[in-house]
$ cat model_32.cif   # mmCIF, C-alpha atoms
data_work
loop_
_atom_site.label_atom_id
_atom_site.label_comp_id
_atom_site.auth_asym_id
_atom_site.auth_seq_id
_atom_site.Cartn_x
_atom_site.Cartn_y
_atom_site.Cartn_z
CA MET O 19 0.00 0.00 0.00
CA ILE O 20 1.32 3.42 -1.01
CA PHE O 21 1.12 6.33 1.42
CA PHE O 22 1.48 9.91 0.21
CA SER O 23 2.71 11.21 3.56
CA LYS O 24 3.88 10.03 6.94
CA SER O 25 0.68 11.31 8.56
CA ASP O 26 -1.40 9.14 6.20
CA LYS O 27 0.62 6.12 7.23
CA VAL O 28 0.23 6.88 10.94
CA THR O 29 -3.51 7.44 10.52
CA PHE O 30 -3.96 4.18 8.61
CA TYR O 31 -2.13 2.03 11.18
CA SER O 32 -3.89 3.83 14.03
CA ILE O 33 -7.34 3.05 12.64
CA LEU O 34 -6.52 -0.47 11.41
CA PRO O 35 -6.81 -2.19 14.83
CA LEU O 36 -10.23 -0.59 15.36
CA VAL O 37 -11.46 -1.77 11.93
CA VAL O 38 -10.14 -5.29 12.50
CA GLY O 39 -11.65 -5.32 15.99
CA ILE O 40 -15.10 -4.31 14.76
CA LEU O 41 -15.01 -6.90 11.98
CA GLY O 42 -13.77 -9.55 14.40
CA PHE O 43 -16.49 -8.67 16.91
CA PHE O 44 -19.19 -9.04 14.25
CA LEU O 45 -17.81 -12.39 13.11
CA THR O 46 -17.52 -13.55 16.70
CA ILE O 47 -21.19 -12.78 17.35
CA GLY O 48 -22.20 -14.64 14.18
CA LEU O 49 -20.06 -17.69 14.91
CA PHE O 50 -21.13 -17.83 18.56
CA THR O 51 -24.82 -17.64 17.60
CA ALA O 52 -24.38 -20.33 14.95
CA TYR O 53 -22.52 -22.59 17.39
CA GLN O 54 -25.21 -22.23 20.05
CA ALA O 55 -27.93 -22.92 17.44
CA LEU O 56 -26.21 -26.02 16.01
CA PRO O 57 -27.86 -28.60 18.34
CA SER O 58 -31.30 -27.40 17.31
CA PHE O 59 -30.51 -27.53 13.59
CA MET O 60 -29.03 -31.00 13.96
CA GLN O 61 -31.98 -32.31 16.00
CA PHE O 62 -34.88 -30.89 14.00
CA GLY O 63 -33.36 -30.25 10.58
CA SER O 64 -35.64 -28.65 8.01
CA ASP O 65 -38.65 -29.05 10.34
CA LEU O 66 -37.25 -26.13 12.30
CA LEU O 67 -37.88 -23.88 9.31
CA ILE O 68 -41.16 -25.25 7.94
CA THR O 69 -43.19 -26.00 11.09
CA SER O 70 -44.69 -23.78 13.78
CA ILE O 71 -44.53 -25.36 17.18
CA TRP O 72 -43.12 -24.65 20.62
CA ARG O 73 -43.37 -27.75 22.79
CA PRO O 74 -40.79 -27.95 25.58
CA ALA O 75 -40.64 -31.15 27.64
CA ASP O 76 -38.53 -32.62 30.40
CA ASP O 77 -37.81 -35.57 28.12
CA PRO O 78 -35.65 -34.28 25.23
CA HIS O 79 -37.17 -36.89 22.90
CA LEU O 80 -40.58 -35.26 23.36
CA GLU O 81 -39.43 -31.73 22.62
CA ALA O 82 -40.58 -30.19 19.32
CA TYR O 83 -39.88 -26.75 17.90
CA GLY O 84 -40.54 -24.94 14.64
CA LEU O 85 -39.80 -21.32 13.76
CA ALA O 86 -41.83 -20.86 10.58
CA ALA O 87 -44.58 -18.72 12.14
CA PRO O 88 -42.23 -16.40 14.10
CA PHE O 89 -39.91 -15.92 11.14
CA ILE O 90 -42.73 -15.21 8.68
CA GLY O 91 -44.38 -13.03 11.33
CA SER O 92 -41.19 -10.98 11.60
CA LEU O 93 -41.10 -10.42 7.85
CA TYR O 94 -44.84 -9.69 7.68
CA ALA O 95 -44.91 -7.15 10.51
CA SER O 96 -41.77 -5.42 9.23
CA THR O 97 -43.16 -5.25 5.69
CA LEU O 98 -46.42 -3.68 6.87
CA ALA O 99 -44.47 -1.23 9.03
CA THR O 100 -42.29 -0.24 6.07
CA LEU O 101 -45.36 0.35 3.89
CA ILE O 102 -46.64 2.74 6.56
CA ILE O 103 -43.26 4.38 7.16
CA LEU O 104 -42.57 5.31 3.54
CA PRO O 105 -45.45 7.76 2.89
CA LEU O 106 -45.07 9.27 6.36
CA SER O 107 -41.35 9.83 5.85
CA VAL O 108 -41.83 11.31 2.37
CA ALA O 109 -44.51 13.69 3.68
CA LEU O 110 -42.33 14.79 6.59
CA THR O 111 -39.36 15.30 4.30
CA PHE O 112 -41.44 17.48 1.96
CA SER O 113 -42.84 19.48 4.87
CA ILE O 114 -39.48 20.09 6.54
CA THR O 115 -37.47 20.88 3.40
CA GLU O 116 -39.98 22.78 1.28
CA ILE O 117 -43.22 23.77 3.02
CA LEU O 118 -42.50 24.92 6.56
CA PRO O 119 -40.49 28.06 7.40
CA ARG O 120 -36.86 27.30 8.17
CA ARG O 121 -37.19 27.76 11.94
CA ILE O 122 -40.32 25.65 12.25
CA GLY O 123 -38.90 23.00 9.93
CA GLY O 124 -35.69 22.90 11.92
CA PHE O 125 -37.62 22.58 15.17
CA LEU O 126 -39.73 19.75 13.73
CA ARG O 127 -36.58 17.99 12.59
CA VAL O 128 -35.16 18.20 16.10
CA ILE O 129 -38.39 16.73 17.51
CA ILE O 130 -38.23 13.88 14.99
CA GLU O 131 -34.61 13.15 15.95
CA ILE O 132 -35.58 13.15 19.63
CA MET O 133 -38.39 10.70 18.87
CA GLY O 134 -35.87 8.47 17.13
CA GLY O 135 -33.82 8.36 20.32
CA LEU O 136 -36.66 7.53 22.72
CA PRO O 137 -36.53 4.11 24.44
CA THR O 138 -38.59 1.65 22.44
CA VAL O 139 -40.26 0.42 25.63
CA VAL O 140 -42.09 3.78 25.74
CA TYR O 141 -43.56 3.11 22.30
CA GLY O 142 -44.36 -0.45 23.32
CA LEU O 143 -46.24 0.59 26.45
CA TRP O 144 -48.16 3.24 24.53
CA GLY O 145 -49.07 0.69 21.89
CA ALA O 146 -50.16 -1.93 24.42
CA VAL O 147 -52.15 0.33 26.74
CA VAL O 148 -53.54 3.02 24.42
CA LEU O 149 -53.33 2.01 20.77
CA ALA O 150 -54.36 -1.66 20.95
CA PRO O 151 -57.78 -1.06 22.60
CA TYR O 152 -58.44 1.95 20.37
CA LEU O 153 -57.64 0.03 17.18
CA ARG O 154 -59.75 -2.92 18.30
CA ASP O 155 -62.86 -0.84 18.95
CA TYR O 156 -62.65 1.85 16.27
CA VAL O 157 -60.61 0.33 13.43
CA MET O 158 -60.49 -3.47 13.54
CA LYS O 159 -64.13 -4.17 14.35
CA PRO O 160 -65.53 -1.83 11.64
CA LEU O 161 -63.08 -3.18 9.07
CA HIS O 162 -64.00 -6.75 9.97
CA GLN O 163 -67.70 -5.95 9.87
CA TYR O 164 -67.73 -4.23 6.47
CA LEU O 165 -64.64 -5.66 4.73
CA GLY O 166 -64.45 -9.09 6.29
CA PHE O 167 -64.54 -10.74 2.86
CA ILE O 168 -60.96 -9.48 2.32
CA PRO O 169 -58.49 -12.06 3.71
CA ILE O 170 -56.42 -9.54 5.67
CA PHE O 171 -59.58 -8.36 7.49
CA SER O 172 -61.34 -11.72 7.74
CA CYS O 173 -60.60 -12.67 11.37
CA ARG O 174 -62.57 -11.29 14.31
CA PRO O 175 -60.47 -8.95 16.49
CA ILE O 176 -60.48 -9.92 20.16
CA THR O 177 -57.81 -8.21 22.24
CA GLY O 178 -56.30 -5.67 19.87
CA TYR O 179 -52.84 -7.20 20.25
CA SER O 180 -52.12 -8.11 16.67
CA VAL O 181 -49.88 -7.75 13.64
CA LEU O 182 -51.62 -4.48 12.77
CA THR O 183 -50.96 -2.94 16.18
CA ALA O 184 -47.34 -4.06 16.22
CA SER O 185 -46.79 -2.77 12.67
CA LEU O 186 -48.25 0.65 13.47
CA VAL O 187 -46.13 1.07 16.59
CA LEU O 188 -43.05 -0.14 14.70
CA ALA O 189 -43.83 2.43 12.02
CA VAL O 190 -44.11 5.25 14.56
CA ALA O 191 -40.81 4.24 16.18
CA THR O 192 -38.91 3.79 12.89
CA THR O 193 -40.27 6.75 10.89
CA PRO O 194 -37.80 9.23 12.50
CA TYR O 195 -34.87 7.07 11.36
CA VAL O 196 -36.07 6.80 7.75
CA THR O 197 -37.08 10.47 7.66
CA ALA O 198 -33.60 11.53 8.77
CA LEU O 199 -32.09 9.46 5.95
CA LEU O 200 -34.45 10.97 3.36
CA ILE O 201 -33.79 14.54 4.51
CA GLU O 202 -30.05 13.90 4.33
CA GLY O 203 -30.38 12.48 0.82
CA TYR O 204 -32.65 15.28 -0.39
CA ASN O 205 -30.25 17.94 0.88
CA MET O 206 -27.40 16.21 -0.97
CA ILE O 207 -29.02 16.82 -4.37
CA PRO O 208 -27.04 19.64 -6.04
CA SER O 209 -28.87 22.96 -5.87
CA LYS O 210 -28.46 23.51 -9.60
CA TYR O 211 -31.17 20.92 -10.27
CA LYS O 212 -33.70 22.66 -8.04
CA GLU O 213 -32.78 26.10 -9.37
CA GLY O 214 -33.16 24.90 -12.94
CA ILE O 215 -36.58 23.37 -12.25
CA LEU O 216 -37.83 26.50 -10.47
CA CYS O 217 -36.58 28.69 -13.31
CA LEU O 218 -38.86 26.75 -15.64
CA GLY O 219 -41.84 27.89 -13.56
CA ALA O 220 -42.41 24.77 -11.46
CA THR O 221 -44.12 25.04 -8.09
CA LYS O 222 -42.45 23.78 -4.91
CA TYR O 223 -44.51 20.59 -5.09
CA GLU O 224 -43.60 20.02 -8.74
CA ALA O 225 -39.94 20.67 -7.99
CA PHE O 226 -40.03 18.29 -5.03
CA LYS O 227 -41.73 15.63 -7.15
CA LEU O 228 -39.08 15.88 -9.88
CA LEU O 229 -36.19 15.96 -7.42
CA PHE O 230 -37.62 13.01 -5.56
CA GLY O 231 -37.42 11.11 -8.84
CA LEU O 232 -33.65 11.49 -8.58
CA LEU O 233 -33.89 10.20 -5.04
CA LYS O 234 -35.67 6.90 -5.86
CA PRO O 235 -32.63 4.63 -5.27
CA TYR O 236 -32.00 6.45 -1.99
CA VAL O 237 -35.66 6.00 -0.98
CA ILE O 238 -35.47 2.26 -1.68
CA ALA O 239 -32.23 1.99 0.28
CA SER O 240 -33.71 3.93 3.21
CA SER O 241 -36.76 1.67 3.16
CA LEU O 242 -34.53 -1.41 3.31
CA LEU O 243 -32.65 0.00 6.29
CA GLY O 244 -35.93 0.88 8.00
CA PHE O 245 -37.19 -2.64 7.30
CA SER O 246 -34.02 -4.12 8.79
CA ARG O 247 -34.38 -1.96 11.87
CA ALA O 248 -38.03 -2.99 12.34
CA LEU O 249 -37.09 -6.63 11.77
CA GLY O 250 -34.91 -6.72 14.86
CA GLU O 251 -37.16 -4.72 17.20
CA THR O 252 -37.98 -6.67 20.36
CA THR O 253 -39.77 -4.67 23.05
CA ILE O 254 -42.43 -3.14 20.81
CA VAL O 255 -43.53 -6.40 19.22
CA ALA O 256 -43.32 -8.34 22.48
CA LEU O 257 -45.82 -5.93 24.04
CA THR O 258 -48.20 -5.50 21.10
CA ILE O 259 -48.22 -8.50 18.75
CA GLY O 260 -50.03 -10.99 21.00
CA ASN O 261 -47.33 -13.72 21.10
CA THR O 262 -48.94 -16.88 19.71
CA MET O 263 -47.31 -19.63 17.65
CA ARG O 264 -49.50 -19.27 14.58
CA PHE O 265 -49.54 -17.14 11.49
CA THR O 266 -52.30 -16.03 9.14
CA LEU O 267 -52.54 -13.23 6.61
CA CYS O 268 -55.23 -11.53 8.69
CA VAL O 269 -53.68 -8.48 10.33
CA PHE O 270 -56.07 -8.68 13.31
CA ASN O 271 -54.62 -11.98 14.53
CA PRO O 272 -51.85 -12.21 17.12
CA THR O 273 -48.65 -13.98 16.18
CA HIS O 274 -44.98 -14.18 17.16
CA THR O 275 -41.87 -12.64 15.73
CA ILE O 276 -38.41 -14.05 16.33
CA PRO O 277 -37.49 -11.22 18.75
CA SER O 278 -40.77 -11.51 20.68
CA LEU O 279 -40.36 -15.29 20.91
CA ILE O 280 -36.86 -14.88 22.32
CA ALA O 281 -38.02 -12.23 24.78
CA SER O 282 -40.96 -14.31 26.04
CA GLN O 283 -39.23 -17.71 26.22
CA PHE O 284 -35.61 -16.98 27.08
CA GLU O 285 -36.04 -17.08 30.85
CA SER O 286 -37.35 -20.66 30.90
CA ALA O 287 -35.56 -21.96 27.79
CA GLY O 288 -32.48 -23.03 29.76
CA LEU O 289 -34.55 -25.65 31.58
CA TYR O 290 -34.88 -27.74 28.41
CA MET O 291 -32.27 -29.31 26.16
CA TYR O 292 -33.31 -27.85 22.82
CA ALA O 293 -35.33 -24.76 23.71
CA LEU O 294 -32.36 -22.43 24.14
CA PRO O 295 -30.56 -23.66 20.98
CA THR O 296 -33.81 -23.09 19.09
CA LEU O 297 -33.92 -19.48 20.27
CA PHE O 298 -30.33 -19.08 19.11
CA ALA O 299 -31.36 -20.61 15.79
CA GLY O 300 -34.04 -17.95 15.45
CA GLY O 301 -31.52 -15.27 16.33
CA PHE O 302 -29.11 -16.66 13.73
CA LEU O 303 -31.79 -16.57 11.01
CA LEU O 304 -32.62 -12.99 11.97
CA LEU O 305 -28.92 -12.05 11.98
CA ILE O 306 -28.45 -13.39 8.44
CA ALA O 307 -31.61 -11.73 7.09
CA SER O 308 -30.91 -8.38 8.74
CA SER O 309 -27.23 -8.37 7.68
CA VAL O 310 -28.05 -9.10 4.03
CA ILE O 311 -30.83 -6.49 3.86
CA SER O 312 -28.71 -3.85 5.62
CA TYR O 313 -25.74 -4.58 3.34
CA VAL O 314 -27.86 -4.12 0.21
CA GLY O 315 -29.37 -0.91 1.58
CA ILE O 316 -26.02 0.60 2.58
CA LYS O 317 -24.44 -0.30 -0.77
CA MET O 318 -27.33 1.43 -2.55
CA LEU O 319 -26.88 4.53 -0.36
CA TYR O 320 -23.17 4.76 -1.09
CA ALA O 321 -23.67 4.15 -4.82
CA TRP O 322 -26.29 6.91 -5.04
CA ARG O 323 -24.11 9.35 -3.11
CA GLU O 324 -21.23 8.74 -5.50
CA ARG O 325 -23.46 9.32 -8.54
CA VAL O 326 -25.07 12.49 -7.22
CA ARG O 327 -21.70 14.07 -6.48
CA VAL O 328 -20.60 13.74 -10.11
#

$ encode --input "model_32.cif" --output "structure tokens"
Amino acid sequence: MIFFSKSDKVTFYSILPLVVGILGFFLTIGLFTAYQALPSFMQFGSDLLITSIWRPADDPHLEAYGLAAPFIGSLYASTLATLIILPLSVALTFSITEILPRRIGGFLRVIIEIMGGLPTVVYGLWGAVVLAPYLRDYVMKPLHQYLGFIPIFSCRPITGYSVLTASLVLAVATTPYVTALLIEGYNMIPSKYKEGILCLGATKYEAFKLLFGLLKPYVIASSLLGFSRALGETTIVALTIGNTMRFTLCVFNPTHTIPSLIASQFESAGLYMYALPTLFAGGFLLLIASSVISYVGIKMLYAWRERVRV
């Protein structure tokens, strides 16, 4: 490696141990999780991925576990949350960057950043105590009554703890993160594009719409990162999703996600031979999925930033 100055060389070798340490730490977590999950994969094989069962027993031969419902539930809830996050984040970005006066927009941005830093347990408690009963009485029941022929509204809401509730709370908690990414990306667009569009007589909305067309790859990347963040959320889903080992397309039904399953079963899992390895297996699946999605999203962000700077 060629260094152009002594200071570059010193900087490189000063940072190198930190980079190697971070990479080693990530690999250590992955290998440790895989090692702990190995007994479960060896015992149950493909059944672990295609069945939905949680049956601990004192006799290891009677134990049975399957993670299909929690894993699909994780993907389903995160997908619904992302579909809610995207229009909210786009609207907030438009309001802060183009509509509101600079001071008010800046204040709103600070509030959004503060919301992004709030403990997720606060969102979870709000969702469990306030949002779930409200949705059950004023949203789920009317939708089931009038649109029950649609599969996603076909089941009768009972408690309010459901995929819909968890997805909405996840969306509220993750919207600040995605909004911050979109504002950053929008502000990175060279001003010459906006000035040129405005000179042609476009309104602020028309200019924003055209500029946002340039931002499409960045929007997709931000959505992937928001999805990944929602995928790994534990406290919110544990308090609002209902925690049952079944999955249906109906958004009014309770289900499990991998994080909520781990949170609810970890304390007692050590009493059984394969329960704890199964939880590690779920964590390993989530680690792989989240890492791949985050990698794709980050690569898209970097690629777009390089193109827009040209």

$ resolve_selection --input "model_32.cif" --expression "the PyMOL selection byres ((chain O and resi 48) around 12)" --output "ChimeraX atom specification"
/O:41-47,49-55,298-299,301-306,309

$ atom_distance --input "model_32.cif" --atom1 "atom CA of Asp155 of chain O" --atom2 "atom CA of Thr193 of chain O"
25.2 Å

$ closest_atom_pairs --input "model_32.cif" --of "segment 222-272 of chain O" --to "segment 314-327 of chain O" --cutoff "9 Å" --atoms "all atoms listed in the file" --output "JSON lines"
{"residue": "O:Leu232", "atom": "CA", "partner": "O:Val326", "partner_atom": "CA", "distance": 8.7}
{"residue": "O:Leu233", "atom": "CA", "partner": "O:Trp322", "partner_atom": "CA", "distance": 8.3}
{"residue": "O:Pro235", "atom": "CA", "partner": "O:Trp322", "partner_atom": "CA", "distance": 6.7}
{"residue": "O:Tyr236", "atom": "CA", "partner": "O:Leu319", "partner_atom": "CA", "distance": 5.7}
{"residue": "O:Val237", "atom": "CA", "partner": "O:Leu319", "partner_atom": "CA", "distance": 8.9}
{"residue": "O:Ile238", "atom": "CA", "partner": "O:Gly315", "partner_atom": "CA", "distance": 7.6}
{"residue": "O:Ala239", "atom": "CA", "partner": "O:Gly315", "partner_atom": "CA", "distance": 4.3}
{"residue": "O:Ser240", "atom": "CA", "partner": "O:Gly315", "partner_atom": "CA", "distance": 6.7}
{"residue": "O:Ser241", "atom": "CA", "partner": "O:Gly315", "partner_atom": "CA", "distance": 8.0}
{"residue": "O:Leu242", "atom": "CA", "partner": "O:Gly315", "partner_atom": "CA", "distance": 5.5}
{"residue": "O:Leu243", "atom": "CA", "partner": "O:Gly315", "partner_atom": "CA", "distance": 5.8}

$ closest_residue --input "model_32.cif" --among "O:Trp72, O:Phe62, O:Phe230, O:Tyr141" --to "Ser185 of chain O" --atoms "only C-alpha atoms"
O:Tyr141

$ atom_distance --input "model_32.cif" --atom1 "atom CA of Ala189 of chain O" --atom2 "atom CA of Thr275 of chain O"
15.6 Å

$ axis_aligned_box --input "model_32.cif" --around "segment 224-239 of chain O" --padding-each-side "3 Å" --output "JSON"
{"center_x": -37.8, "center_y": 11.3, "center_z": -4.8, "size_x": 17.6, "size_y": 24.7, "size_z": 16.2}

$ atom_distance --input "model_32.cif" --atom1 "atom CA of Tyr204 of chain O" --atom2 "atom CA of Leu228 of chain O"
11.5 Å

$ resolve_selection --input "model_32.cif" --expression "the PyMOL selection byres ((chain O and resi 88) around 10)" --output "CSV table (one decimal) with C-alpha atoms, in the coordinates of the input"
chain,number,residue,atom,x,y,z
O,67,LEU,CA,-37.9,-23.9,9.3
O,70,SER,CA,-44.7,-23.8,13.8
O,71,ILE,CA,-44.5,-25.4,17.2
O,84,GLY,CA,-40.5,-24.9,14.6
O,85,LEU,CA,-39.8,-21.3,13.8
O,86,ALA,CA,-41.8,-20.9,10.6
O,87,ALA,CA,-44.6,-18.7,12.1
O,89,PHE,CA,-39.9,-15.9,11.1
O,90,ILE,CA,-42.7,-15.2,8.7
O,91,GLY,CA,-44.4,-13.0,11.3
O,92,SER,CA,-41.2,-11.0,11.6
O,93,LEU,CA,-41.1,-10.4,7.8
O,94,TYR,CA,-44.8,-9.7,7.7
O,261,ASN,CA,-47.3,-13.7,21.1
O,262,THR,CA,-48.9,-16.9,19.7
O,263,MET,CA,-47.3,-19.6,17.6
O,264,ARG,CA,-49.5,-19.3,14.6
O,265,PHE,CA,-49.5,-17.1,11.5
O,273,THR,CA,-48.6,-14.0,16.2
O,274,HIS,CA,-45.0,-14.2,17.2
O,275,THR,CA,-41.9,-12.6,15.7
O,276,ILE,CA,-38.4,-14.0,16.3
O,277,PRO,CA,-37.5,-11.2,18.8
O,278,SER,CA,-40.8,-11.5,20.7
O,279,LEU,CA,-40.4,-15.3,20.9
O,280,ILE,CA,-36.9,-14.9,22.3
O,300,GLY,CA,-34.0,-18.0,15.4

$ residues_around --input "model_32.cif" --residues "Gln61 of chain O" --least-positions-apart "3" --cutoff "12 Å" --atoms "all atoms listed in the file" --output "list in words"
Ala55, Leu56, Pro57, Ser58, Ser64, Asp65, Leu66, Pro78, His79, Leu80, Glu81, Ala82, Tyr83, Gly84, Met291, Tyr292, Ala293, Pro295, Thr296 and Ala299 of chain O

$ resolve_selection --input "model_32.cif" --expression "the PyMOL selection byres ((chain O and resi 217-226) around 10)" --output "list in words"
Thr111, Phe112, Thr115, Glu116, Ile117, Tyr204, Tyr211, Lys212, Glu213, Gly214, Ile215, Leu216, Lys227, Leu228, Leu229, Phe230, Gly231 and Leu232 of chain O

$ residues_near_point --input "model_32.cif" --point "(-40.4, 2.6, 23.0)" --cutoff "10 Å" --atoms "all atoms listed in the file" --output "MDAnalysis selection string"
chainID O and resid 133:145 187:188 190:191 251:254

$ write_last_selection --input "model_32.cif" --atoms "C-alpha atoms" --output "JSON list (two decimals), in the frame of the given file"
[["chain", "number", "residue", "atom", "x", "y", "z"],
["O", 133, "MET", "CA", -38.39, 10.70, 18.87],
["O", 134, "GLY", "CA", -35.87, 8.47, 17.13],
["O", 135, "GLY", "CA", -33.82, 8.36, 20.32],
["O", 136, "LEU", "CA", -36.66, 7.53, 22.72],
["O", 137, "PRO", "CA", -36.53, 4.11, 24.44],
["O", 138, "THR", "CA", -38.59, 1.65, 22.44],
["O", 139, "VAL", "CA", -40.26, 0.42, 25.63],
["O", 140, "VAL", "CA", -42.09, 3.78, 25.74],
["O", 141, "TYR", "CA", -43.56, 3.11, 22.30],
["O", 142, "GLY", "CA", -44.36, -0.45, 23.32],
["O", 143, "LEU", "CA", -46.24, 0.59, 26.45],
["O", 144, "TRP", "CA", -48.16, 3.24, 24.53],
["O", 145, "GLY", "CA", -49.07, 0.69, 21.89],
["O", 187, "VAL", "CA", -46.13, 1.07, 16.59],
["O", 188, "LEU", "CA", -43.05, -0.14, 14.70],
["O", 190, "VAL", "CA", -44.11, 5.25, 14.56],
["O", 191, "ALA", "CA", -40.81, 4.24, 16.18],
["O", 251, "GLU", "CA", -37.16, -4.72, 17.20],
["O", 252, "THR", "CA", -37.98, -6.67, 20.36],
["O", 253, "THR", "CA", -39.77, -4.67, 23.05],
["O", 254, "ILE", "CA", -42.43, -3.14, 20.81]]

$ residues_near_point --input "model_32.cif" --point "(-32.3, -3.5, 6.2)" --cutoff "6 Å" --atoms "all atoms listed in the file" --output "mmCIF file with C-alpha atoms, in the coordinates of the input"
data_model
loop_
_atom_site.group_PDB
_atom_site.id
_atom_site.type_symbol
_atom_site.label_atom_id
_atom_site.label_comp_id
_atom_site.auth_asym_id
_atom_site.auth_seq_id
_atom_site.Cartn_x
_atom_site.Cartn_y
_atom_site.Cartn_z
ATOM 1 C CA LEU O 242 -34.530 -1.410 3.310
ATOM 2 C CA LEU O 243 -32.650 0.000 6.290
ATOM 3 C CA GLY O 244 -35.930 0.880 8.000
ATOM 4 C CA PHE O 245 -37.190 -2.640 7.300
ATOM 5 C CA SER O 246 -34.020 -4.120 8.790
ATOM 6 C CA SER O 308 -30.910 -8.380 8.740
ATOM 7 C CA ILE O 311 -30.830 -6.490 3.860
ATOM 8 C CA SER O 312 -28.710 -3.850 5.620
#

$ residues_around --input "model_32.cif" --residues "Arg127 of chain O" --least-positions-apart "5" --cutoff "10 Å" --atoms "all atoms listed in the file" --output "PyMOL selection string"
chain O and resi 110-111+114-115+121-122+132-133+194+197-198+201

$ build_atoms --input "model_32.cif" --residues "segment 119-135 of chain O" --atoms "N, CA and C atoms" --output "short mmCIF file (atom, residue, chain, number, x, y, z; two decimals), in the frame of the given file"
data_model
loop_
_atom_site.label_atom_id
_atom_site.label_comp_id
_atom_site.auth_asym_id
_atom_site.auth_seq_id
_atom_site.Cartn_x
_atom_site.Cartn_y
_atom_site.Cartn_z
N PRO O 119 -41.59 27.09 7.25
CA PRO O 119 -40.49 28.06 7.40
C PRO O 119 -39.26 27.38 8.03
N ARG O 120 -38.11 27.94 7.76
CA ARG O 120 -36.86 27.30 8.17
C ARG O 120 -36.82 27.01 9.67
N ARG O 121 -37.25 27.96 10.49
CA ARG O 121 -37.19 27.76 11.94
C ARG O 121 -38.13 26.65 12.39
N ILE O 122 -39.36 26.68 11.86
CA ILE O 122 -40.32 25.65 12.25
C ILE O 122 -39.88 24.28 11.72
N GLY O 123 -39.39 24.26 10.49
CA GLY O 123 -38.90 23.00 9.93
C GLY O 123 -37.73 22.46 10.71
N GLY O 124 -36.83 23.34 11.12
CA GLY O 124 -35.69 22.90 11.92
C GLY O 124 -36.12 22.38 13.27
N PHE O 125 -37.10 23.05 13.87
CA PHE O 125 -37.62 22.58 15.17
C PHE O 125 -38.28 21.22 15.03
N LEU O 126 -39.08 21.05 13.97
CA LEU O 126 -39.73 19.75 13.73
C LEU O 126 -38.70 18.65 13.50
N ARG O 127 -37.63 18.98 12.82
CA ARG O 127 -36.58 17.99 12.59
C ARG O 127 -35.93 17.56 13.90
N VAL O 128 -35.72 18.53 14.79
CA VAL O 128 -35.16 18.20 16.10
C VAL O 128 -36.10 17.27 16.87
N ILE O 129 -37.41 17.58 16.82
CA ILE O 129 -38.39 16.73 17.51
C ILE O 129 -38.36 15.32 16.95
N ILE O 130 -38.27 15.20 15.63
CA ILE O 130 -38.23 13.88 14.99
C ILE O 130 -36.98 13.12 15.44
N GLU O 131 -35.85 13.81 15.51
CA GLU O 131 -34.61 13.15 15.95
C GLU O 131 -34.71 12.73 17.41
N ILE O 132 -35.38 13.54 18.23
CA ILE O 132 -35.58 13.15 19.63
C ILE O 132 -36.47 11.91 19.71
N MET O 133 -37.52 11.88 18.90
CA MET O 133 -38.39 10.70 18.87
C MET O 133 -37.63 9.45 18.46
N GLY O 134 -36.68 9.61 17.55
CA GLY O 134 -35.87 8.47 17.13
C GLY O 134 -34.98 7.94 18.23
N GLY O 135 -34.68 8.78 19.22
CA GLY O 135 -33.82 8.36 20.32
C GLY O 135 -34.56 7.91 21.56
#
